[in-house]
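Input: a single structure, listed below in structure tokens.
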Amino acid sequence: MAAIEPAATEDPAPKGVLPPGALELLPDLPTREGEAARNKGRELYRAAGRSGMHPMPRETDVELAGGRDGLVAIFARHYTRLFSDPRMAVLFDTEEDDANVSAQEHGRRLALFLLARWTGDDSYYRLGRGHPIGNLYRAHQRAKACPLRHGSLRGRGFTEDQRDSWLGHLYFSAEDCGAPEPFRNKLALHLASVIDFYAPWERAPPDQA
């Protein structure tokens, strides 16, 4: 089973997906895909919460999705979806050089970080980006403080809807890339079961993201 190859283009993240403060003037603009992702993610989060930490994927699981390249393709697709969802796009401050990279590059970084934790693969460390935990922490702090976020949320935690959307977009990205259902479920339920590391979650009014 071959995973869909990631796009060859290296276009950076879309600058000015929404201008600073735009969500203070405009209502939330959910896409059909965004709403489906949020609903799926909420289902996954609730399922994971009922049964404790789910096991992480192992090398044999990753092979089902096309190995390292297949996992990178899934997360590249994931970021493509996040960029196109207004609820999630406000977390990417593209004025920051480290954030203003393509969906392919964002996906490669996260996929290789997870692969290192799950299988011991050392590809992430060969990127020369330093320690992955520190990089992840700084990326999330930038996202929380992104000037595209509504002023009442800027500098605060991610919202429940953003949590659920992130999980749902991941599940559908694996589906888009042809990963089999057992892998999709294991991947999404494991991450749903550990995502509360980033709690507490904010509750945003419907017109905020």
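Letters A, B, ... go to the chains of the structure tokens in the order shown; residues in each chain start at 1; ligands are counted from 1 in the same order.
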Exercise for the section: Compile the contact shell of segment 38-46 of chain A as a list in words: residues with an atom at most 9 Å away, counting only C-alpha atoms, same-chain residues fewer than 6 positions apart removed. Expected result: Glu160, Asp161, Gln162, Arg163, Asp164, Ser165, Trp166, Leu167, Gly168, His169, Leu170, Tyr171, Phe172, Asn185, Ala188, Leu189, Leu191, Ala192, Ser193 and Ile195 of chain A
Output file for the residues above (N, CA, C and O atoms, as a compact mmCIF listing (two decimals), in the first residue's frame):
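After the write, again.txt holds the following:
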```txt
# COMPACT_ATOMS: atom_id res chain seq x y z
N GLU A 160 -10.63 24.40 22.96
CA GLU A 160 -11.12 23.02 22.81
C GLU A 160 -11.37 22.71 21.34
O GLU A 160 -11.09 21.60 20.87
N ASP A 161 -11.93 23.66 20.61
CA ASP A 161 -12.20 23.44 19.19
C ASP A 161 -10.91 23.26 18.41
O ASP A 161 -10.85 22.45 17.46
N GLN A 162 -9.86 24.00 18.77
CA GLN A 162 -8.58 23.83 18.08
C GLN A 162 -7.97 22.47 18.40
O GLN A 162 -7.39 21.82 17.52
N ARG A 163 -8.09 22.04 19.63
CA ARG A 163 -7.62 20.70 20.01
C ARG A 163 -8.31 19.64 19.16
O ARG A 163 -7.66 18.78 18.55
N ASP A 164 -9.64 19.72 19.10
CA ASP A 164 -10.40 18.71 18.37
C ASP A 164 -10.13 18.79 16.87
O ASP A 164 -10.02 17.76 16.20
N SER A 165 -10.01 20.00 16.35
CA SER A 165 -9.74 20.16 14.93
C SER A 165 -8.38 19.58 14.56
O SER A 165 -8.23 18.93 13.51
N TRP A 166 -7.39 19.80 15.41
CA TRP A 166 -6.04 19.26 15.15
C TRP A 166 -6.12 17.74 15.03
O TRP A 166 -5.57 17.15 14.10
N LEU A 167 -6.81 17.10 15.95
CA LEU A 167 -6.92 15.64 15.93
C LEU A 167 -7.70 15.16 14.71
O LEU A 167 -7.30 14.19 14.04
N GLY A 168 -8.80 15.82 14.41
CA GLY A 168 -9.62 15.39 13.28
C GLY A 168 -8.92 15.57 11.96
O GLY A 168 -8.99 14.70 11.08
N HIS A 169 -8.23 16.70 11.79
CA HIS A 169 -7.48 16.90 10.55
C HIS A 169 -6.39 15.84 10.40
O HIS A 169 -6.11 15.40 9.28
N LEU A 170 -5.79 15.42 11.50
CA LEU A 170 -4.77 14.38 11.41
C LEU A 170 -5.38 13.07 10.94
O LEU A 170 -4.84 12.40 10.05
N TYR A 171 -6.50 12.70 11.52
CA TYR A 171 -7.16 11.46 11.12
C TYR A 171 -7.50 11.48 9.62
O TYR A 171 -7.22 10.53 8.88
N PHE A 172 -8.09 12.58 9.18
CA PHE A 172 -8.48 12.67 7.77
C PHE A 172 -7.27 12.78 6.85
O PHE A 172 -7.33 12.35 5.69
N ASN A 185 -6.51 4.77 13.27
CA ASN A 185 -7.06 4.75 14.62
C ASN A 185 -5.96 4.75 15.67
O ASN A 185 -6.05 5.46 16.68
N ALA A 188 -4.27 8.33 15.72
CA ALA A 188 -5.12 9.39 16.26
C ALA A 188 -5.46 9.16 17.72
O ALA A 188 -5.47 10.11 18.52
N LEU A 189 -5.74 7.93 18.10
CA LEU A 189 -6.11 7.67 19.49
C LEU A 189 -4.92 7.82 20.43
O LEU A 189 -5.07 8.29 21.56
N LEU A 191 -2.40 9.97 20.01
CA LEU A 191 -2.17 11.41 20.18
C LEU A 191 -3.33 12.06 20.94
O LEU A 191 -3.11 12.98 21.72
N ALA A 192 -4.55 11.57 20.74
CA ALA A 192 -5.68 12.09 21.52
C ALA A 192 -5.51 11.79 23.00
O ALA A 192 -5.94 12.58 23.86
N SER A 193 -4.88 10.67 23.31
CA SER A 193 -4.74 10.27 24.72
C SER A 193 -3.62 11.02 25.44
O SER A 193 -3.57 10.98 26.67
N ILE A 195 -2.78 14.37 24.36
CA ILE A 195 -2.85 15.78 23.98
C ILE A 195 -3.14 16.69 25.16
O ILE A 195 -2.86 17.90 25.11
```
Exercise for the section: Give me the residues within 9 Å of Arg142 of chain A as a ChimeraX atom specification, counting only C-alpha atoms and dropping any in the same chain fewer than 6 places off. Expected result: /A:91-93,96,99,155
Counting only C-alpha atoms, which residues of segment 101-126 of chain A sit at most 9 Å from some atom of segment 79-89 of chain A, and what is each one's closest atom pair with its distance in Å to one decimal, listed by chain and rising residue number, as a Markdown table?
```
| residue | atom | partner | partner_atom | distance |
| --- | --- | --- | --- | --- |
| A:Ser102 | CA | A:Tyr79 | CA | 8.5 |
| A:Ala103 | CA | A:Tyr79 | CA | 4.9 |
| A:Gln104 | CA | A:Tyr79 | CA | 7.6 |
| A:His106 | CA | A:Tyr79 | CA | 6.8 |
| A:Gly107 | CA | A:Tyr79 | CA | 6.3 |
```
Practice task
May I have the residues within 12 Å of segment 174-176 of chain A as number ranges by chain, using only C-alpha atoms and disregarding those fewer than 2 positions away in the same chain?
Solution key: A: 2-6, 37, 62, 64-66, 70-81, 167-172, 178-188
Practice task
Have a look at A:Gly52, A:Ala111, A:Trp201, A:Asp98 and name the one nearest to Arg138 of chain A; count only C-alpha atoms.
Solution key: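 Once distances to Arg138 of chain A are computed over only C-alpha atoms, the minimum belongs to A:Asp98.
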Find the residues of segment 117-166 of chain A that sit at most 10 Å from segment 55-61 of chain A; for each, write down the nearest two atoms and how far apart they are in Å, to one decimal. Count only C-alpha atoms. Sort by chain, then by number going up, and give it as JSON lines.
```
{"residue": "A:Arg117", "atom": "CA", "partner": "A:Met56", "partner_atom": "CA", "distance": 9.1}
{"residue": "A:Trp118", "atom": "CA", "partner": "A:Arg58", "partner_atom": "CA", "distance": 5.8}
{"residue": "A:Thr119", "atom": "CA", "partner": "A:Glu59", "partner_atom": "CA", "distance": 5.7}
{"residue": "A:Gly120", "atom": "CA", "partner": "A:Glu59", "partner_atom": "CA", "distance": 9.2}
{"residue": "A:Asp121", "atom": "CA", "partner": "A:Glu59", "partner_atom": "CA", "distance": 9.3}
```
Exercise for the section: Mind giving me the straight-line distance from atom CA of Glu63 of chain A to atom CA of Arg129 of chain A in Å, one decimal? Expected result: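 Those two atoms sit 25.5 Å apart.
Atom pair atom CA of Cys146 of chain A / atom CA of Ala116 of chain A has a distance of 27.9 Å (rounded to one decimal).
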Exercise for the section: Would you please work out which residue, of A:Glu95, A:Arg32, A:Tyr198, A:Asn100, is nearest to Gln141 of chain A when using only C-alpha atoms? Expected result: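 Closest to Gln141 of chain A of all the choices is A:Tyr198.
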